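Data block for data_24.csv (CSV, C-alpha atoms):
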```
chain,number,residue,atom,x,y,z
A,1,ARG,CA,93.1,47.6,5.6
A,2,LEU,CA,92.2,46.3,2.1
A,3,LYS,CA,88.7,46.5,0.8
A,4,LYS,CA,87.0,43.2,0.2
A,5,LYS,CA,87.1,43.9,-3.6
A,6,GLU,CA,90.9,44.5,-3.5
A,7,LYS,CA,91.5,41.5,-1.3
A,8,PHE,CA,89.6,38.9,-3.1
A,9,GLY,CA,89.1,40.5,-6.5
A,10,ASP,CA,85.8,41.7,-8.0
A,11,ARG,CA,84.2,38.6,-9.3
A,12,GLU,CA,82.0,38.9,-12.3
A,13,ASP,CA,78.4,37.8,-11.7
A,14,ASN,CA,76.8,36.7,-14.9
A,15,ARG,CA,73.5,35.7,-13.5
A,16,ILE,CA,70.6,37.6,-15.2
A,17,LEU,CA,66.8,37.3,-15.5
A,18,THR,CA,65.4,35.7,-18.6
A,19,GLU,CA,63.3,37.9,-20.9
A,20,GLU,CA,60.2,36.2,-19.5
A,21,GLN,CA,61.3,36.7,-15.8
A,22,ARG,CA,62.1,40.4,-16.6
A,23,GLU,CA,58.5,40.9,-17.9
A,24,GLN,CA,57.1,39.1,-14.9
A,25,VAL,CA,58.9,41.4,-12.5
A,26,ILE,CA,58.0,44.6,-14.4
A,27,ASN,CA,54.3,43.6,-14.5
A,28,TYR,CA,54.4,42.7,-10.7
A,29,VAL,CA,55.9,46.0,-9.6
A,30,TRP,CA,54.2,48.5,-12.0
A,31,LYS,CA,50.4,48.2,-11.8
A,32,ILE,CA,48.1,50.6,-13.5
A,33,ASP,CA,44.4,50.9,-12.9
A,34,LYS,CA,42.8,50.0,-16.3
A,35,ARG,CA,39.8,52.3,-15.7
A,36,THR,CA,41.7,55.5,-14.8
A,37,GLY,CA,45.1,54.8,-16.4
A,38,LYS,CA,46.8,55.8,-13.1
A,39,ILE,CA,48.7,53.9,-10.4
A,40,ASN,CA,46.6,51.3,-8.7
A,41,TYR,CA,47.3,52.2,-5.1
A,42,ASN,CA,45.0,49.4,-3.7
A,43,TYR,CA,47.2,46.8,-5.4
A,44,TYR,CA,50.2,47.9,-3.4
A,45,ARG,CA,48.3,48.3,-0.1
A,46,GLN,CA,46.7,44.9,-0.3
A,47,ARG,CA,50.1,43.2,-0.9
A,48,GLY,CA,52.0,45.4,1.6
A,49,LEU,CA,54.4,46.5,-1.1
A,50,SER,CA,56.4,49.8,-1.0
A,51,LEU,CA,55.1,51.7,-4.1
A,52,VAL,CA,58.2,53.8,-4.5
A,53,ALA,CA,60.5,50.8,-4.2
A,54,CYS,CA,58.5,48.9,-6.8
A,55,LEU,CA,58.7,51.8,-9.2
A,56,ILE,CA,62.5,52.0,-8.7
A,57,ILE,CA,62.7,48.3,-9.6
A,58,ALA,CA,60.7,48.9,-12.7
A,59,TRP,CA,63.1,51.8,-13.7
A,60,TRP,CA,66.1,49.5,-13.2
A,61,LEU,CA,64.7,46.9,-15.5
A,62,ILE,CA,63.2,49.2,-18.1
A,63,THR,CA,66.3,51.5,-18.5
A,64,GLY,CA,69.3,49.5,-17.5
A,65,ARG,CA,70.6,52.4,-15.5
A,66,ARG,CA,72.9,52.0,-12.5
A,67,ASN,CA,71.0,51.3,-9.3
A,68,ASN,CA,71.8,54.4,-7.2
A,69,SER,CA,73.5,57.3,-9.0
A,70,GLU,CA,71.3,56.7,-12.2
A,71,GLY,CA,68.3,55.3,-10.4
A,72,ASN,CA,67.2,56.0,-6.8
A,73,GLN,CA,68.8,59.5,-6.8
A,74,ILE,CA,67.6,60.9,-10.1
A,75,LYS,CA,65.8,64.3,-10.1
A,76,TRP,CA,63.1,65.7,-12.3
A,77,LYS,CA,65.4,68.4,-13.7
A,78,GLN,CA,67.5,65.7,-15.3
A,79,ILE,CA,64.6,64.5,-17.4
A,80,SER,CA,63.7,66.0,-20.8
A,81,PHE,CA,60.3,64.7,-21.9
A,82,THR,CA,60.5,66.6,-25.2
A,83,GLN,CA,64.0,65.2,-26.1
A,84,LYS,CA,63.2,61.9,-24.4
A,85,LYS,CA,66.5,61.9,-22.6
A,86,ILE,CA,68.0,61.8,-19.1
A,87,PHE,CA,71.1,63.9,-18.3
A,88,PHE,CA,73.9,63.3,-15.8
A,89,ASP,CA,76.4,66.1,-14.9
A,90,ASP,CA,78.6,63.8,-12.8
A,91,SER,CA,78.0,60.2,-13.6
A,92,LYS,CA,80.5,57.3,-13.3
A,93,VAL,CA,81.8,58.2,-16.7
A,94,GLY,CA,81.5,62.0,-16.4
A,95,GLN,CA,78.9,64.3,-18.0
A,96,ILE,CA,76.6,62.2,-20.2
A,97,GLU,CA,73.1,61.9,-21.6
A,98,TYR,CA,71.0,58.8,-22.4
A,99,PRO,CA,68.0,58.4,-24.6
A,100,LEU,CA,64.8,57.1,-22.9
A,101,GLY,CA,62.6,54.5,-24.5
A,102,PRO,CA,58.8,54.7,-24.8
A,103,ARG,CA,58.3,52.5,-21.7
A,104,ALA,CA,60.6,54.6,-19.6
A,105,ILE,CA,58.9,57.8,-20.6
A,106,LYS,CA,55.5,56.2,-19.8
A,107,LEU,CA,56.8,55.2,-16.4
A,108,LEU,CA,58.0,58.7,-15.6
A,109,ASN,CA,54.8,60.3,-16.8
A,110,THR,CA,52.8,57.9,-14.6
A,111,ILE,CA,54.8,58.9,-11.6
A,112,LYS,CA,54.6,62.7,-12.4
A,113,GLU,CA,50.9,62.5,-12.8
A,114,GLU,CA,50.6,61.5,-9.1
A,115,ARG,CA,52.3,64.6,-7.8
A,116,LEU,CA,49.0,66.0,-6.4
A,117,THR,CA,47.7,62.7,-5.1
A,118,GLU,CA,48.0,62.1,-1.3
A,119,GLY,CA,50.5,59.4,-0.7
A,120,PRO,CA,54.2,58.5,-1.2
A,121,LEU,CA,54.5,60.3,-4.6
A,122,LEU,CA,52.9,63.6,-3.4
A,123,TRP,CA,55.2,66.5,-4.1
A,124,GLN,CA,56.4,67.9,-0.7
A,125,GLU,CA,59.0,70.4,0.3
A,126,GLY,CA,62.4,68.7,0.5
A,127,THR,CA,61.5,65.7,-1.7
A,128,LYS,CA,59.6,67.1,-4.7
A,129,ASP,CA,62.8,67.4,-6.8
A,130,PHE,CA,63.3,63.6,-6.7
A,131,VAL,CA,61.6,61.1,-9.0
A,132,PHE,CA,61.6,58.5,-6.2
A,133,PRO,CA,61.0,60.5,-3.0
A,134,SER,CA,61.4,59.1,0.5
A,135,TYR,CA,58.0,59.0,2.3
A,136,ASN,CA,59.9,59.0,5.6
A,137,TYR,CA,61.9,62.2,5.0
A,138,ASN,CA,62.0,64.3,8.1
A,139,LYS,CA,60.2,61.6,10.1
A,140,LYS,CA,61.4,59.7,13.0
A,141,ASN,CA,63.2,56.4,12.2
A,142,SER,CA,63.8,53.2,14.1
A,143,LYS,CA,67.2,54.5,15.3
A,144,LYS,CA,65.5,57.3,17.2
A,145,GLY,CA,66.8,59.8,14.7
A,146,THR,CA,65.3,61.7,11.8
A,147,CYS,CA,65.4,60.5,8.1
A,148,LYS,CA,67.5,63.1,6.2
A,149,THR,CA,67.6,61.4,2.9
A,150,PRO,CA,65.1,63.0,0.5
A,151,TYR,CA,65.0,60.0,-1.9
A,152,LEU,CA,64.4,56.3,-1.2
A,153,ALA,CA,67.9,55.1,-0.5
A,154,SER,CA,67.3,51.3,-0.9
A,155,ALA,CA,64.8,49.0,-2.6
A,156,ILE,CA,66.6,45.8,-1.6
A,157,LYS,CA,63.9,44.6,0.8
A,158,THR,CA,61.2,45.0,-1.8
A,159,TRP,CA,63.5,43.4,-4.5
A,160,LYS,CA,64.0,40.3,-2.3
A,161,ARG,CA,60.2,40.1,-1.6
A,162,VAL,CA,59.3,40.4,-5.3
A,163,LEU,CA,61.6,37.7,-6.4
A,164,LYS,CA,60.4,35.4,-3.6
A,165,ASP,CA,56.7,36.1,-4.6
A,166,LEU,CA,57.5,35.2,-8.2
A,167,LYS,CA,59.5,32.2,-7.2
A,168,ILE,CA,62.6,33.5,-9.0
A,169,ASP,CA,66.1,32.6,-7.6
A,170,TYR,CA,67.7,35.6,-5.9
A,171,ILE,CA,70.2,37.7,-7.8
A,172,PRO,CA,71.6,41.1,-6.6
A,173,PRO,CA,69.8,44.3,-7.8
A,174,LYS,CA,72.8,45.3,-9.9
A,175,GLN,CA,72.0,42.4,-12.2
A,176,CYS,CA,69.0,44.3,-13.4
A,177,ARG,CA,71.4,46.4,-15.4
A,178,HIS,CA,73.2,43.3,-16.7
A,179,THR,CA,69.8,41.8,-17.6
A,180,PHE,CA,68.8,44.8,-19.6
A,181,LEU,CA,72.1,45.2,-21.5
A,182,THR,CA,72.4,41.4,-22.3
A,183,LEU,CA,68.8,41.3,-23.6
A,184,LEU,CA,69.5,44.5,-25.6
A,185,LEU,CA,72.5,42.7,-27.3
A,186,LYS,CA,70.3,39.7,-27.9
A,187,LYS,CA,67.7,41.7,-29.7
A,188,THR,CA,70.0,44.2,-31.6
A,189,LYS,CA,73.0,41.9,-32.3
A,190,ASN,CA,75.0,45.1,-32.2
A,191,ILE,CA,77.7,45.5,-29.5
A,192,MET,CA,78.1,49.2,-30.3
A,193,VAL,CA,74.5,49.9,-29.6
A,194,VAL,CA,74.9,48.3,-26.2
A,195,LYS,CA,78.1,50.2,-25.5
A,196,LYS,CA,76.3,53.5,-26.1
A,197,ALA,CA,73.3,52.5,-24.1
A,198,ALA,CA,75.5,51.4,-21.2
A,199,GLY,CA,77.7,54.5,-21.3
A,200,HIS,CA,80.9,52.5,-21.4
A,201,THR,CA,84.1,54.3,-22.4
A,202,GLN,CA,85.8,51.1,-23.6
A,203,ILE,CA,84.4,48.3,-25.7
A,204,LYS,CA,86.1,45.6,-23.6
A,205,THR,CA,83.7,46.5,-20.8
A,206,THR,CA,80.8,45.9,-23.0
A,207,ASN,CA,82.2,42.6,-24.3
A,208,ARG,CA,81.1,40.9,-21.1
A,209,TYR,CA,77.6,40.9,-22.4
A,210,ALA,CA,78.6,39.1,-25.5
A,211,LYS,CA,80.4,36.6,-23.2
A,212,ILE,CA,77.2,36.1,-21.2
A,213,LEU,CA,75.3,35.3,-24.3
A,214,ASP,CA,78.1,33.4,-26.0
A,215,GLU,CA,77.2,35.5,-29.0
A,216,ASP,CA,80.3,34.7,-31.0
A,217,VAL,CA,79.8,31.0,-30.5
A,218,VAL,CA,76.2,31.1,-31.4
A,219,SER,CA,76.9,33.3,-34.5
A,220,GLY,CA,79.7,30.9,-35.5
A,221,LEU,CA,77.5,27.8,-35.2
A,222,GLU,CA,74.7,29.5,-37.2
A,223,THR,CA,77.2,30.4,-40.0
A,224,MET,CA,78.6,26.8,-39.9
A,225,ASP,CA,75.2,25.2,-40.3
A,226,GLN,CA,74.1,27.5,-43.1
A,227,ILE,CA,73.6,25.6,-46.4
A,228,GLU,CA,74.8,27.5,-49.3
A,229,GLU,CA,72.0,27.5,-51.8
A,230,LYS,CA,73.2,27.6,-55.4
A,231,GLU,CA,70.9,29.2,-58.0
A,232,SER,CA,69.7,26.6,-60.5
A,233,LYS,CA,70.4,27.6,-64.0
A,234,VAL,CA,67.8,27.1,-66.7
A,235,LEU,CA,69.5,25.9,-69.9
```
Let's see the structure in the file written out as C-alpha cells.
Amino acid sequence: RLKKKEKFGDREDNRILTEEQREQVINYVWKIDKRTGKINYNYYRQRGLSLVACLIIAWWLITGRRNNSEGNQIKWKQISFTQKKIFFDDSKVGQIEYPLGPRAIKLLNTIKEERLTEGPLLWQEGTKDFVFPSYNYNKKNSKKGTCKTPYLASAIKTWKRVLKDLKIDYIPPKQCRHTFLTLLLKKTKNIMVVKKAAGHTQIKTTNRYAKILDEDVVSGLETMDQIEEKESKVL
C-alpha cells in the first residue's frame, strides 16, 4: 500500500499568517500577569484554554521550529540559557544546534519559573524533564487506559480554537514554521540567514520562502522603478 504522500504527491501549502495575525496569536496564547510578571493562570481558566498547548503554540510561532521533534518533545537538558541555544542530537537533519532569540529565552524562563507552582507546569516525576509536560501523564484516559506520554503530544485542538476565537482562517500547525521563516526572510532579505535558521541542508529547500514572498519579483520591480539620480555639477 502506498502512503497518501507517495500516491498523490506532497503538495506545497504556502498559506501563512500575516505579521499582524502572528502577533495576535502569540498575544492570545501567552499571557503574563503584569503585576507579578508570571503566567496569568486565571486568564486560561476563564477561557477554558489548555495552558501547555497555548505555550507550545507560542513556541512554534516564536522559534519556527518543527512542531513535534523540535517543539512538543523538547527537554530542558537541550536548552542552554547561557549560550542562548537549543541542541538536537537526532533531528531531521542530524545533530544540530540553533540560536534562540530574546523572545524564545523569555518564554522558556517564564515556563521554568513555574516549576514549583501547583498546576500543569509543576515539575513531577516522569514529566519534569520536558518543557511542555503532559498533565495527564499516568492518569486514566478516555480509552480506559493510562496516558504514557510524558509530554503534551498534540496542541491541534487548542490551535483550532485559537484561530476560531481570533477569526483567522484555519491553516495546519506546520504553517507556523513557514510563517516564521517567511517573515524572517521578509525582514532580513537574506536567504542564507533563513537557511541557517531553518536548518536546511540545501538552499533549494529554503527557496520556497522566496517563492512565497515573490522576493525576486518584488526586488526586480523595485530596481526597475528606481530613478537614477545624477549629481549636478557646479561649474
(Q) I want to know what sits within 7 Å of region 95-98 of chain A, based on all atoms listed in the file, with residues of the same chain fewer than 6 positions away left out; could you give that as a list in words? (A) Lys85, Ile86, Phe87, Phe88, Asp89 and Ala197 of chain A
Q) Any idea what the distance is between CA of His178 (chain A) and CA of Ile26 (chain A)? A) 15.4 Å
Q: Around the point (72.2, 44.9, -8.4), in the coordinates given by the file, pick out the residues reaching within 12 Å, counting all atoms listed in the file, and return them as a VMD selection string.
A: chain A and resid 13 to 17 57 60 to 61 64 to 68 71 154 to 156 159 to 160 170 to 180
With C-alpha atoms retained, could you export that selection as a PDB file, keeping the file's coordinate frame?
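Generated output (part_6.pdb):
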```pdb
ATOM      1  CA  ASP A  13      78.400  37.800 -11.700  1.00  0.00           C
ATOM      2  CA  ASN A  14      76.800  36.700 -14.900  1.00  0.00           C
ATOM      3  CA  ARG A  15      73.500  35.700 -13.500  1.00  0.00           C
ATOM      4  CA  ILE A  16      70.600  37.600 -15.200  1.00  0.00           C
ATOM      5  CA  LEU A  17      66.800  37.300 -15.500  1.00  0.00           C
ATOM      6  CA  ILE A  57      62.700  48.300  -9.600  1.00  0.00           C
ATOM      7  CA  TRP A  60      66.100  49.500 -13.200  1.00  0.00           C
ATOM      8  CA  LEU A  61      64.700  46.900 -15.500  1.00  0.00           C
ATOM      9  CA  GLY A  64      69.300  49.500 -17.500  1.00  0.00           C
ATOM     10  CA  ARG A  65      70.600  52.400 -15.500  1.00  0.00           C
ATOM     11  CA  ARG A  66      72.900  52.000 -12.500  1.00  0.00           C
ATOM     12  CA  ASN A  67      71.000  51.300  -9.300  1.00  0.00           C
ATOM     13  CA  ASN A  68      71.800  54.400  -7.200  1.00  0.00           C
ATOM     14  CA  GLY A  71      68.300  55.300 -10.400  1.00  0.00           C
ATOM     15  CA  SER A 154      67.300  51.300  -0.900  1.00  0.00           C
ATOM     16  CA  ALA A 155      64.800  49.000  -2.600  1.00  0.00           C
ATOM     17  CA  ILE A 156      66.600  45.800  -1.600  1.00  0.00           C
ATOM     18  CA  TRP A 159      63.500  43.400  -4.500  1.00  0.00           C
ATOM     19  CA  LYS A 160      64.000  40.300  -2.300  1.00  0.00           C
ATOM     20  CA  TYR A 170      67.700  35.600  -5.900  1.00  0.00           C
ATOM     21  CA  ILE A 171      70.200  37.700  -7.800  1.00  0.00           C
ATOM     22  CA  PRO A 172      71.600  41.100  -6.600  1.00  0.00           C
ATOM     23  CA  PRO A 173      69.800  44.300  -7.800  1.00  0.00           C
ATOM     24  CA  LYS A 174      72.800  45.300  -9.900  1.00  0.00           C
ATOM     25  CA  GLN A 175      72.000  42.400 -12.200  1.00  0.00           C
ATOM     26  CA  CYS A 176      69.000  44.300 -13.400  1.00  0.00           C
ATOM     27  CA  ARG A 177      71.400  46.400 -15.400  1.00  0.00           C
ATOM     28  CA  HIS A 178      73.200  43.300 -16.700  1.00  0.00           C
ATOM     29  CA  THR A 179      69.800  41.800 -17.600  1.00  0.00           C
ATOM     30  CA  PHE A 180      68.800  44.800 -19.600  1.00  0.00           C
TER      31      PHE A 180
END
```
Q.
Show me, as a ChimeraX atom specification, the residues that have an atom within 10 Å of Pro120 (chain A) when counting all atoms listed in the file, minus same-chain residues fewer than 6 positions from it.
A. /A:50-52,114,132-136
Q) Using only C-alpha atoms, which of A:Lys106, A:Arg208, A:Lys140, A:Arg47 sits nearest Thr158 (chain A)? A)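 Distance minimum relative to Thr158 (chain A) lands on A:Arg47.
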(Q) Show me the residues around (60.1, 64.0, -24.3) - criterion: an atom at most 12 Å away, only C-alpha atoms counted - as a ChimeraX atom specification. (A) /A:78-86,99-106,108-109
Q) Between A:Gln24, A:Ser142, A:Asn72, A:Thr36, which is the closest to Asp165 (chain A) once you count only C-alpha atoms? A)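 Smallest distance to Asp165 (chain A) is found for A:Gln24.
The shortest atom-to-atom distance to Leu183 (chain A), with all atoms listed in the file taken into account, belongs to A:Tyr209 out of A:Leu152, A:Tyr209, A:Asn141, A:Ile168.
Our summary of the geometry notes that CA of Phe130 (chain A) is positioned 10.9 Å from CA of Ile111 (chain A).
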